[in-house]
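Data file: entry_27.cif. Format and content: mmCIF, C-alpha atoms.
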```cif
data_data
#
loop_
_atom_site.label_atom_id
_atom_site.label_comp_id
_atom_site.auth_asym_id
_atom_site.auth_seq_id
_atom_site.Cartn_x
_atom_site.Cartn_y
_atom_site.Cartn_z
CA MET A 1 22.53 -21.06 -24.24
CA ILE A 2 22.63 -23.03 -20.99
CA GLN A 3 24.97 -25.80 -22.14
CA ALA A 4 27.65 -24.90 -19.58
CA THR A 5 25.06 -25.11 -16.79
CA ARG A 6 23.72 -28.46 -18.03
CA THR A 7 27.24 -29.88 -18.33
CA ALA A 8 28.07 -28.68 -14.81
CA TYR A 9 24.87 -30.22 -13.43
CA MET A 10 25.74 -33.57 -14.95
CA GLN A 11 29.24 -33.41 -13.48
CA VAL A 12 27.80 -32.63 -10.04
CA ALA A 13 25.34 -35.52 -10.38
CA GLU A 14 28.23 -37.88 -11.12
CA GLU A 15 30.15 -36.61 -8.09
CA ILE A 16 27.08 -37.05 -5.88
CA ALA A 17 26.53 -40.58 -7.14
CA ALA A 18 30.17 -41.39 -6.38
CA CYS A 19 29.53 -40.41 -2.74
CA ARG A 20 26.70 -43.00 -2.52
CA PRO A 21 24.58 -40.84 -0.18
CA GLU A 22 21.68 -42.30 1.74
CA THR A 23 20.02 -38.87 1.86
CA VAL A 24 20.03 -35.76 -0.30
CA ILE A 25 19.19 -32.55 1.60
CA VAL A 26 17.86 -29.72 -0.58
CA THR A 27 17.26 -26.15 0.52
CA SER A 28 15.07 -24.31 -1.96
CA PRO A 29 13.78 -20.73 -2.24
CA HIS A 30 10.66 -22.09 -3.93
CA ALA A 31 9.62 -24.45 -1.13
CA THR A 32 7.20 -23.21 1.55
CA MET A 33 8.68 -20.03 3.04
CA TYR A 34 7.74 -17.97 6.08
CA ALA A 35 9.09 -14.71 7.45
CA ASP A 36 9.92 -16.11 10.87
CA TYR A 37 10.04 -19.90 10.50
CA PHE A 38 11.96 -22.55 8.53
CA HIS A 39 9.57 -25.05 6.99
CA ILE A 40 10.76 -28.64 6.61
CA SER A 41 8.58 -30.77 4.37
CA PRO A 42 6.61 -33.34 6.41
CA GLY A 43 5.27 -36.76 5.61
CA ALA A 44 6.69 -39.90 4.05
CA GLN A 45 6.83 -38.83 0.41
CA ALA A 46 6.03 -36.16 -2.17
CA GLU A 47 5.43 -35.92 -5.89
CA GLY A 48 5.98 -33.26 -8.50
CA SER A 49 6.35 -32.61 -12.22
CA PHE A 50 7.45 -29.98 -14.69
CA ALA A 51 3.90 -29.63 -16.07
CA ARG A 52 3.88 -25.87 -15.50
CA PHE A 53 7.02 -25.71 -17.68
CA HIS A 54 5.31 -27.68 -20.47
CA ALA A 55 7.11 -30.95 -19.62
CA SER A 56 4.42 -32.92 -17.83
CA ASP A 57 6.13 -36.20 -18.69
CA VAL A 58 9.02 -35.33 -16.35
CA ARG A 59 7.72 -36.50 -13.01
CA PHE A 60 9.12 -37.20 -9.55
CA ARG A 61 8.06 -39.35 -6.64
CA GLU A 62 10.44 -38.97 -3.72
CA GLU A 63 10.58 -40.60 -0.30
CA TYR A 64 11.47 -38.35 2.63
CA ASP A 65 14.00 -39.29 5.27
CA THR A 66 11.58 -39.01 8.18
CA GLU A 67 14.15 -39.99 10.81
CA LEU A 68 16.54 -37.23 9.77
CA VAL A 69 13.67 -34.73 9.58
CA GLU A 70 12.65 -35.63 13.13
CA ALA A 71 16.23 -35.20 14.33
CA ILE A 72 16.53 -31.76 12.68
CA CYS A 73 13.23 -30.62 14.19
CA ALA A 74 14.17 -31.89 17.67
CA LEU A 75 17.55 -30.14 17.59
CA ALA A 76 16.02 -26.92 16.27
CA ASP A 77 13.58 -26.95 19.18
CA GLU A 78 16.41 -27.67 21.62
CA HIS A 79 18.44 -24.74 20.24
CA GLY A 80 15.45 -22.38 20.17
CA LEU A 81 15.50 -22.00 16.37
CA PRO A 82 12.02 -21.70 14.78
CA ALA A 83 12.00 -24.65 12.39
CA GLY A 84 9.72 -27.62 11.87
CA THR A 85 7.11 -29.34 9.75
CA ARG A 86 4.08 -27.20 10.61
CA GLY A 87 2.30 -24.97 8.11
CA GLN A 88 2.82 -26.77 4.83
CA ARG A 89 1.07 -24.84 2.06
CA GLU A 90 2.05 -26.87 -1.00
CA PRO A 91 3.01 -30.54 -0.61
CA ALA A 92 4.09 -30.95 -4.26
CA LEU A 93 7.80 -30.72 -4.98
CA ASP A 94 8.87 -27.26 -6.15
CA HIS A 95 11.06 -26.60 -9.20
CA GLY A 96 13.95 -25.39 -7.04
CA THR A 97 14.08 -28.95 -5.70
CA MET A 98 13.22 -30.81 -8.89
CA VAL A 99 15.82 -29.18 -11.15
CA PRO A 100 18.81 -30.63 -9.26
CA LEU A 101 16.90 -33.89 -8.71
CA TYR A 102 16.41 -34.20 -12.48
CA PHE A 103 20.15 -34.52 -12.97
CA ILE A 104 20.88 -36.48 -9.80
CA ARG A 105 18.24 -39.09 -10.68
CA GLN A 106 20.05 -39.79 -13.96
CA LYS A 107 23.09 -40.98 -12.00
CA LEU A 108 21.70 -42.17 -8.67
CA GLN A 109 18.46 -44.03 -7.98
CA THR A 110 18.50 -45.01 -4.32
CA PHE A 111 18.32 -42.20 -1.79
CA ARG A 112 15.81 -40.36 0.35
CA LEU A 113 15.10 -36.64 0.43
CA VAL A 114 14.94 -33.84 2.98
CA ARG A 115 13.44 -30.62 1.62
CA ILE A 116 13.77 -27.34 3.52
CA GLY A 117 12.48 -23.86 2.73
CA LEU A 118 14.20 -20.58 3.46
CA SER A 119 12.88 -17.83 5.74
CA GLY A 120 12.90 -14.09 6.30
CA LEU A 121 15.05 -14.53 9.41
CA PRO A 122 18.58 -13.08 9.54
CA LEU A 123 21.46 -14.76 7.75
CA GLU A 124 22.87 -15.82 11.10
CA ASP A 125 19.78 -17.95 11.74
CA HIS A 126 20.16 -19.60 8.32
CA TYR A 127 23.73 -20.51 9.25
CA ARG A 128 22.49 -21.88 12.60
CA LEU A 129 20.01 -24.08 10.75
CA GLY A 130 22.92 -25.44 8.72
CA GLN A 131 24.81 -26.23 11.92
CA ILE A 132 21.74 -28.06 13.23
CA ILE A 133 21.52 -30.06 10.00
CA GLN A 134 25.18 -31.03 10.42
CA GLU A 135 24.51 -32.12 14.01
CA ALA A 136 21.43 -34.13 12.98
CA VAL A 137 23.34 -35.91 10.21
CA GLU A 138 26.07 -36.88 12.69
CA GLN A 139 23.48 -37.93 15.27
CA THR A 140 21.67 -40.23 12.85
CA GLY A 141 24.84 -41.48 11.19
CA ARG A 142 23.57 -40.55 7.75
CA ARG A 143 25.77 -40.39 4.68
CA ALA A 144 24.33 -37.20 3.20
CA VAL A 145 24.83 -34.70 0.40
CA PHE A 146 23.68 -31.09 0.68
CA VAL A 147 22.28 -29.23 -2.35
CA ALA A 148 21.87 -25.45 -1.91
CA SER A 149 19.42 -24.54 -4.66
CA GLY A 150 18.70 -21.01 -5.87
CA ASP A 151 19.31 -18.61 -8.73
CA LEU A 152 21.72 -15.70 -8.59
CA SER A 153 20.65 -12.19 -9.65
CA HIS A 154 17.52 -11.78 -11.76
CA LYS A 155 18.55 -8.29 -12.90
CA LEU A 156 21.52 -8.77 -15.19
CA ARG A 157 20.05 -7.29 -18.39
CA ALA A 158 17.70 -4.46 -19.27
CA GLU A 159 16.02 -6.67 -21.88
CA GLY A 160 15.57 -9.53 -19.41
CA PRO A 161 12.20 -10.34 -17.81
CA TYR A 162 13.12 -8.56 -14.56
CA GLY A 163 15.05 -5.61 -15.97
CA PHE A 164 18.50 -4.39 -14.96
CA ALA A 165 20.01 -3.10 -11.73
CA PRO A 166 23.73 -2.37 -11.25
CA GLU A 167 23.63 -4.54 -8.13
CA GLY A 168 22.75 -7.53 -10.35
CA PRO A 169 26.11 -8.16 -12.02
CA GLU A 170 27.86 -6.96 -8.87
CA TYR A 171 26.06 -9.66 -6.85
CA ASP A 172 26.91 -12.37 -9.34
CA GLY A 173 30.57 -11.36 -9.44
CA ARG A 174 30.85 -11.24 -5.67
CA ILE A 175 29.00 -14.47 -4.93
CA MET A 176 30.92 -16.48 -7.52
CA ASP A 177 34.19 -15.11 -6.14
CA VAL A 178 33.21 -16.00 -2.56
CA CYS A 179 32.09 -19.50 -3.50
CA SER A 180 35.05 -20.22 -5.77
CA ARG A 181 37.31 -19.56 -2.76
CA GLY A 182 35.04 -21.29 -0.24
CA ALA A 183 35.18 -18.07 1.80
CA PHE A 184 31.85 -18.69 3.54
CA GLY A 185 32.38 -16.04 6.20
CA GLU A 186 32.01 -13.38 3.50
CA LEU A 187 28.43 -14.50 2.84
CA PHE A 188 27.45 -12.41 5.86
CA ASP A 189 28.81 -9.26 4.17
CA PHE A 190 25.93 -9.15 1.67
CA THR A 191 23.39 -6.74 3.15
CA GLU A 192 19.68 -7.40 2.84
CA ALA A 193 19.16 -4.14 0.91
CA PHE A 194 21.88 -5.06 -1.58
CA CYS A 195 20.48 -8.56 -2.11
CA ASP A 196 16.98 -7.15 -2.60
CA ARG A 197 18.20 -4.71 -5.25
CA ALA A 198 20.08 -7.53 -6.97
CA ALA A 199 16.88 -9.64 -6.90
CA GLU A 200 18.69 -12.86 -5.99
CA CYS A 201 16.82 -15.86 -4.61
CA GLY A 202 19.55 -18.24 -3.46
CA HIS A 203 21.72 -16.40 -0.96
CA ARG A 204 20.00 -17.73 2.15
CA SER A 205 20.22 -21.23 0.70
CA PHE A 206 23.98 -20.83 0.33
CA VAL A 207 24.27 -19.62 3.92
CA ILE A 208 22.46 -22.72 5.25
CA MET A 209 24.92 -24.83 3.27
CA ALA A 210 27.81 -22.90 4.81
CA GLY A 211 26.43 -23.67 8.26
CA ALA A 212 26.16 -27.36 7.37
CA LEU A 213 29.90 -27.25 6.56
CA ASP A 214 30.77 -25.28 9.70
CA GLY A 215 34.22 -26.16 11.07
CA MET A 216 35.20 -28.15 7.98
CA ALA A 217 37.91 -27.49 5.46
CA VAL A 218 36.51 -27.79 1.95
CA GLU A 219 37.84 -28.12 -1.55
CA PRO A 220 35.87 -25.51 -3.55
CA ARG A 221 35.46 -25.63 -7.30
CA GLN A 222 33.54 -23.35 -9.64
CA LEU A 223 32.07 -25.34 -12.51
CA SER A 224 30.00 -22.77 -14.37
CA HIS A 225 28.43 -19.32 -14.32
CA GLU A 226 26.05 -18.14 -17.02
CA ASP A 227 23.79 -15.19 -17.66
CA VAL A 228 20.63 -16.81 -19.01
CA THR A 229 18.32 -14.10 -20.39
CA GLY A 230 19.21 -11.79 -17.52
CA VAL A 231 19.22 -14.38 -14.70
CA GLY A 232 22.44 -15.69 -13.19
CA TYR A 233 23.03 -19.44 -12.92
CA GLY A 234 26.09 -20.58 -11.00
CA ILE A 235 27.27 -24.04 -9.96
CA CYS A 236 30.02 -24.77 -7.46
CA THR A 237 31.00 -27.89 -5.51
CA PHE A 238 32.49 -28.17 -2.03
CA HIS A 239 34.07 -31.41 -0.90
CA PRO A 240 34.82 -31.64 2.85
CA ILE A 241 38.44 -32.65 3.48
CA GLY A 242 38.65 -32.57 7.27
CA PRO A 243 38.01 -30.47 10.38
CA ASP A 244 39.21 -26.86 10.50
CA ALA A 245 38.48 -24.79 13.62
CA ASP A 246 39.30 -21.59 11.72
CA ARG A 247 36.20 -22.11 9.55
CA GLN A 248 33.65 -21.70 12.34
CA TYR A 249 32.35 -18.59 10.68
CA LEU A 250 29.34 -17.81 12.84
CA GLU A 251 31.48 -17.89 15.97
CA VAL A 252 34.01 -15.57 14.30
CA ARG A 253 31.25 -13.23 13.17
CA GLU A 254 29.61 -13.10 16.60
CA ARG A 255 32.92 -12.27 18.28
CA ALA A 256 33.53 -9.42 15.84
CA GLU A 257 29.93 -8.20 16.14
CA THR A 258 30.11 -8.26 19.95
CA GLU A 259 33.22 -6.10 19.88
CA ARG A 260 31.74 -3.69 17.33
CA LEU A 261 28.55 -3.25 19.34
CA ARG A 262 30.54 -2.80 22.55
CA LYS A 263 32.51 0.07 21.01
CA GLN A 264 29.32 1.52 19.53
CA LYS A 265 27.62 1.41 22.92
CA GLU A 266 30.55 3.22 24.55
CA ALA A 267 30.33 5.96 21.92
CA ARG A 268 26.57 6.60 22.24
CA ASP A 269 25.53 10.21 22.57
CA PRO A 270 23.12 11.23 25.40
CA PHE A 271 20.03 10.70 23.21
CA VAL A 272 20.86 7.12 22.24
CA ARG A 273 22.28 6.33 25.68
CA LEU A 274 18.97 7.37 27.25
CA ALA A 275 17.00 5.17 24.81
CA GLY A 276 19.34 2.22 25.35
CA GLN A 277 19.24 2.45 29.15
CA THR A 278 15.46 2.69 29.01
CA ILE A 279 15.14 -0.41 26.84
CA GLU A 280 17.45 -2.44 29.08
CA GLU A 281 15.63 -1.35 32.24
CA TYR A 282 12.22 -2.17 30.80
CA VAL A 283 13.16 -5.50 29.22
CA LEU A 284 15.02 -6.75 32.29
CA HIS A 285 12.80 -5.35 35.06
CA HIS A 286 9.47 -4.49 33.34
CA ARG A 287 9.39 -0.95 34.66
CA MET A 288 9.58 2.53 33.22
CA PRO A 289 12.83 4.14 34.42
CA ALA A 290 12.89 7.46 36.22
CA LEU A 291 14.27 10.48 34.41
CA PRO A 292 18.07 10.52 34.95
CA LYS A 293 19.42 13.58 36.75
CA ASP A 294 22.53 14.16 34.65
CA LEU A 295 20.86 14.79 31.29
CA PRO A 296 21.96 17.72 29.11
CA ARG A 297 19.60 20.68 28.77
CA GLU A 298 18.86 19.90 25.13
CA LEU A 299 16.95 16.87 26.42
CA THR A 300 15.28 18.44 29.45
CA ASP A 301 14.52 21.97 28.18
CA SER A 302 13.14 21.24 24.71
CA ARG A 303 10.14 19.45 23.25
CA ALA A 304 9.92 17.61 19.92
CA GLY A 305 8.53 14.52 18.28
CA ALA A 306 10.99 11.63 18.26
CA PHE A 307 11.29 8.13 16.86
CA VAL A 308 13.24 5.33 18.51
CA SER A 309 14.38 2.62 16.08
CA ILE A 310 15.82 -0.71 17.18
CA HIS A 311 17.77 -2.96 14.81
CA LYS A 312 19.18 -6.44 15.27
CA ALA A 313 21.57 -8.05 12.79
CA GLY A 314 20.87 -5.21 10.36
CA ARG A 315 17.10 -5.76 10.43
CA LEU A 316 14.41 -3.63 12.00
CA ARG A 317 13.33 -5.03 15.38
CA GLY A 318 11.04 -2.23 16.54
CA CYS A 319 10.27 1.40 15.75
CA ILE A 320 7.79 3.72 17.46
CA GLY A 321 7.64 7.49 17.54
CA THR A 322 5.65 10.67 17.72
CA ILE A 323 5.31 13.26 14.99
CA LEU A 324 4.76 16.13 17.45
CA PRO A 325 5.74 16.38 21.13
CA THR A 326 3.37 14.69 23.59
CA ARG A 327 5.47 14.83 26.80
CA ARG A 328 6.88 17.51 29.04
CA ASN A 329 10.29 17.36 27.39
CA LEU A 330 12.31 15.50 24.78
CA ALA A 331 13.83 13.14 27.35
CA GLU A 332 10.41 11.84 28.38
CA GLU A 333 9.44 11.59 24.71
CA ILE A 334 12.43 9.32 24.09
CA ILE A 335 11.83 7.22 27.22
CA HIS A 336 8.19 6.49 26.40
CA ASN A 337 8.89 5.80 22.72
CA ALA A 338 11.83 3.53 23.58
CA VAL A 339 9.59 1.40 25.80
CA SER A 340 6.95 1.25 23.06
CA ALA A 341 9.50 0.33 20.39
CA ALA A 342 10.81 -2.51 22.55
CA SER A 343 7.47 -3.87 23.69
CA ALA A 344 4.51 -2.56 21.71
CA ASP A 345 5.41 -2.42 18.01
CA PRO A 346 2.62 -4.62 16.56
CA ARG A 347 4.92 -5.92 13.83
CA PHE A 348 7.26 -7.65 16.27
CA ASP A 349 7.30 -9.70 19.44
CA PRO A 350 8.58 -7.85 22.54
CA ILE A 351 12.34 -7.80 22.84
CA ARG A 352 13.77 -10.58 25.01
CA PRO A 353 16.62 -10.19 27.53
CA ASP A 354 18.92 -12.43 25.45
CA GLU A 355 18.62 -10.01 22.51
CA LEU A 356 19.82 -6.92 24.35
CA LYS A 357 23.52 -7.30 23.56
CA TRP A 358 22.79 -7.52 19.81
CA LEU A 359 20.69 -4.35 19.50
CA GLU A 360 21.54 -1.16 17.63
CA ILE A 361 19.49 1.87 18.59
CA HIS A 362 18.82 5.09 16.70
CA VAL A 363 16.94 8.17 17.84
CA ASP A 364 15.47 10.57 15.26
CA VAL A 365 14.38 13.97 16.56
CA LEU A 366 11.81 15.47 14.21
CA GLY A 367 11.55 19.02 13.05
CA VAL A 368 8.15 20.65 12.71
CA PRO A 369 6.29 19.21 9.68
CA GLU A 370 5.51 21.64 6.84
CA ALA A 371 2.85 21.30 4.16
CA ILE A 372 4.07 20.90 0.57
CA ASP A 373 2.28 21.11 -2.75
CA SER A 374 3.94 18.32 -4.71
CA GLU A 375 6.34 15.40 -4.63
CA GLU A 376 8.95 17.61 -6.30
CA GLN A 377 9.51 19.32 -2.95
CA LEU A 378 10.66 16.06 -1.38
CA ASP A 379 14.17 14.61 -1.16
CA VAL A 380 14.30 11.00 0.00
CA ARG A 381 17.65 11.54 1.75
CA LYS A 382 16.88 14.88 3.41
CA TYR A 383 13.17 14.85 4.21
CA GLY A 384 10.77 12.45 5.83
CA VAL A 385 7.21 12.43 4.53
CA ILE A 386 3.74 12.39 6.08
CA VAL A 387 0.90 11.24 3.81
CA SER A 388 -2.63 12.03 5.02
CA ARG A 389 -6.19 11.45 3.94
CA GLY A 390 -8.79 12.33 6.55
CA SER A 391 -7.87 10.63 9.81
CA ARG A 392 -5.50 8.20 8.10
CA ARG A 393 -1.87 9.22 8.24
CA GLY A 394 1.35 7.43 7.33
CA LEU A 395 4.89 8.56 8.06
CA LEU A 396 8.25 7.48 6.74
CA LEU A 397 11.60 8.72 7.99
CA PRO A 398 14.25 9.95 5.54
CA ASP A 399 17.44 8.24 4.40
CA LEU A 400 16.37 4.62 4.92
CA ASP A 401 18.14 1.60 3.38
CA GLY A 402 16.23 0.29 0.40
CA VAL A 403 14.16 3.48 -0.05
CA ASP A 404 15.86 5.21 -2.95
CA THR A 405 13.15 7.30 -4.59
CA VAL A 406 10.40 9.70 -3.54
CA GLU A 407 7.89 7.42 -5.25
CA GLN A 408 8.94 4.51 -3.02
CA GLN A 409 8.85 6.74 0.04
CA ILE A 410 5.30 7.89 -0.63
CA ALA A 411 4.11 4.40 -1.59
CA ILE A 412 5.36 2.95 1.70
CA ALA A 413 3.81 5.78 3.70
CA ARG A 414 0.49 5.19 1.90
CA ARG A 415 0.58 1.47 2.76
CA LYS A 416 1.32 2.22 6.40
CA ALA A 417 -1.76 4.46 6.51
CA GLY A 418 -3.99 2.08 4.56
CA ILE A 419 -4.36 4.63 1.75
CA SER A 420 -4.68 3.15 -1.74
CA PRO A 421 -2.46 4.40 -4.61
CA ASP A 422 -5.34 6.12 -6.39
CA GLU A 423 -6.64 8.12 -3.41
CA LYS A 424 -5.84 11.82 -3.25
CA VAL A 425 -3.62 12.77 -0.30
CA THR A 426 -2.02 15.77 1.35
CA LEU A 427 1.73 15.79 1.84
CA GLN A 428 3.97 17.15 4.56
CA ARG A 429 7.70 16.99 4.86
CA PHE A 430 9.99 17.20 7.84
CA GLU A 431 13.70 17.08 8.63
CA VAL A 432 15.29 14.99 11.36
CA ILE A 433 18.41 15.05 13.46
CA ARG A 434 19.55 11.43 13.60
CA HIS A 435 21.42 10.14 16.64
CA THR A 436 23.18 6.79 16.27
#
```
Write out the structure in this file as structure tokens.
Amino acid sequence: MIQATRTAYMQVAEEIAACRPETVIVTSPHATMYADYFHISPGAQAEGSFARFHASDVRFREEYDTELVEAICALADEHGLPAGTRGQREPALDHGTMVPLYFIRQKLQTFRLVRIGLSGLPLEDHYRLGQIIQEAVEQTGRRAVFVASGDLSHKLRAEGPYGFAPEGPEYDGRIMDVCSRGAFGELFDFTEAFCDRAAECGHRSFVIMAGALDGMAVEPRQLSHEDVTGVGYGICTFHPIGPDADRQYLEVRERAETERLRKQKEARDPFVRLAGQTIEEYVLHHRMPALPKDLPRELTDSRAGAFVSIHKAGRLRGCIGTILPTRRNLAEEIIHNAVSAASADPRFDPIRPDELKWLEIHVDVLGVPEAIDSEEQLDVRKYGVIVSRGSRRGLLLPDLDGVDTVEQQIAIARRKAGISPDEKVTLQRFEVIRHT
């Protein structure tokens, strides 16, 4: 069933052995992983086995390339990227690392290892880590091979262990097409919501690899792609063939993103413009701005609850709001909530000045909440929901990426309020006018 994958692995192992690398760098989704930090395995060595897969006789004892690890950590610190050797939870080698090592070890005996986990940080930061790895390899003069480990979609079949989602085969088709062409810039086009629905585990690993090959022309080759009981396995190789300034994909992406955000900022309506100006004033000067004098009457003569949401690189960076009006007018509501979203959302650090140019801001003006009798009166695209039990209350806005059902909407609102799934609650719904 997996013969094509095994054959491809053996071919890759032969190609790696022919390169005679001093170091093999592996990024694995099953190594230690944090939401806001890249973990690089510390120490001089590590062991592991396939005992949990009923093959305890297959064992590994690998030496780490401590000099290269130190160089990566030093450069990450210099570039302000959160990466290092702190916080190791499991020193044993993970199966995402051992599977490729199993084949490599059959063809190559002498090399050292660098093992790196993924993170919950944006794809751009994964690419930056790859660039840092490239710089560290050049700095230390290492002859190195990079292995980007990770499965494709886990939702290719209804009868598979993870079920089926239409995004599953779509992800596999897209990622194999991108990799077979070596079109690494297109890796950024996979949204987080899409990848979550596809249930992939390797995309961030592939992006780090792309960063490690930044500015290099490569010879891409697809060796295999199989659906193994509903999980996608794909193997591709990329041989660097020389420098190519047109393949500096992060730089290209940042130029395009800067222009897109500039045009978006110019097109802001008065609601979003007020929130954006407030955030900039507070982040740069640490003061609450005065109410502008040229605001339209819909901001100065009305009162309503409002939420200010801040996104960066497609990910939430802060969101604070009020269900009902608490200020003299809607303009003041937006100003105070914008400051709170930028500086007081407990889920995030305060926004830094260097982040301002990358922010997208939304303002949701809430209608008056109305009590409802059942979930059937909700519509995840049209209505937000308020879930209450006693003094505990959780709110979720409508039409959010990744929230596709009323059941999901209510479950998230319950978690935000600290209400367990089996507790009885009262429900309210509300509509919003969204300003982007």
*Convert the output of the PyMOL selection byres ((chain A and resi 341) around 10) on the shown file into explicit residues, formatted as a list in words.*
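Output from the PyMOL selection byres ((chain A and resi 341) around 10), applied to this file: Ala275, Ile279, Phe307, Val308, Ser309, Ile310, Arg317, Gly318, Cys319, Ile320, Gly321, Ile335, His336, Asn337, Ala338, Val339, Ser340, Ala342, Ser343, Ala344, Asp345, Pro346, Phe348, Pro350 and Ile351 of chain A.
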Can you work out the spacing between atom CA of A:Gly168 and atom CA of A:Leu156 in Å, to one decimal?
->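 About the pair atom CA of A:Gly168 and atom CA of A:Leu156: they are 5.1 Å apart.
Distances from A:Val24, A:Leu291, A:Leu152, A:Ile104 to A:His225 were compared using all atoms listed in the file, and the smallest one belongs to A:Leu152.
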| query | Could you state the separation of atom CA of A:Gln264 and atom CA of A:His435 in Å, given to one decimal place? | reply |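 A separation of 12.0 Å between them.
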- Item | Close residues, stretch 120-125 of chain A itself excluded, 10 Å, all atoms listed in the file, min 6 positions apart in chain, as a ChimeraX atom specification | /A:33-38,81-82,131,187-192,203-208,211,249-250,253-254,312-315
| request: Please evaluate the PyMOL selection byres ((chain A and resi 241) around 9) against the structure above and give the resulting residues as a PyMOL selection string. | output: chain A and resi 216-219+239-240+242-243
Take the point (9.4, -36.3, -2.4) in the file's coordinates, draw a sphere of radius 9 Å around it, and report as a list in words every protein, DNA or RNA residue with an atom inside or on it, counting all atoms listed in the file.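 Within the cut-off we find Ser41, Ala44, Gln45, Ala46, Glu47, Gly48, Phe60, Arg61, Glu62, Glu63, Tyr64, Pro91, Ala92, Leu93, Arg112, Leu113, Val114 and Arg115 of chain A.
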Pairwise distance, atom CA of A:Arg328 with atom CA of A:Lys382, equals 27.6 Å
Please provide as an mmCIF file with C-alpha atoms, in the coordinates of the input all residues within 9 Å of A:Cys19, with the sequence filter that same-chain residues fewer than 6 positions apart are discarded (counting all atoms listed in the file).
```cif
data_model
loop_
_atom_site.group_PDB
_atom_site.id
_atom_site.type_symbol
_atom_site.label_atom_id
_atom_site.label_comp_id
_atom_site.auth_asym_id
_atom_site.auth_seq_id
_atom_site.Cartn_x
_atom_site.Cartn_y
_atom_site.Cartn_z
ATOM 1 C CA ARG A 143 25.770 -40.390 4.680
ATOM 2 C CA ALA A 144 24.330 -37.200 3.200
ATOM 3 C CA VAL A 145 24.830 -34.700 0.400
#
```
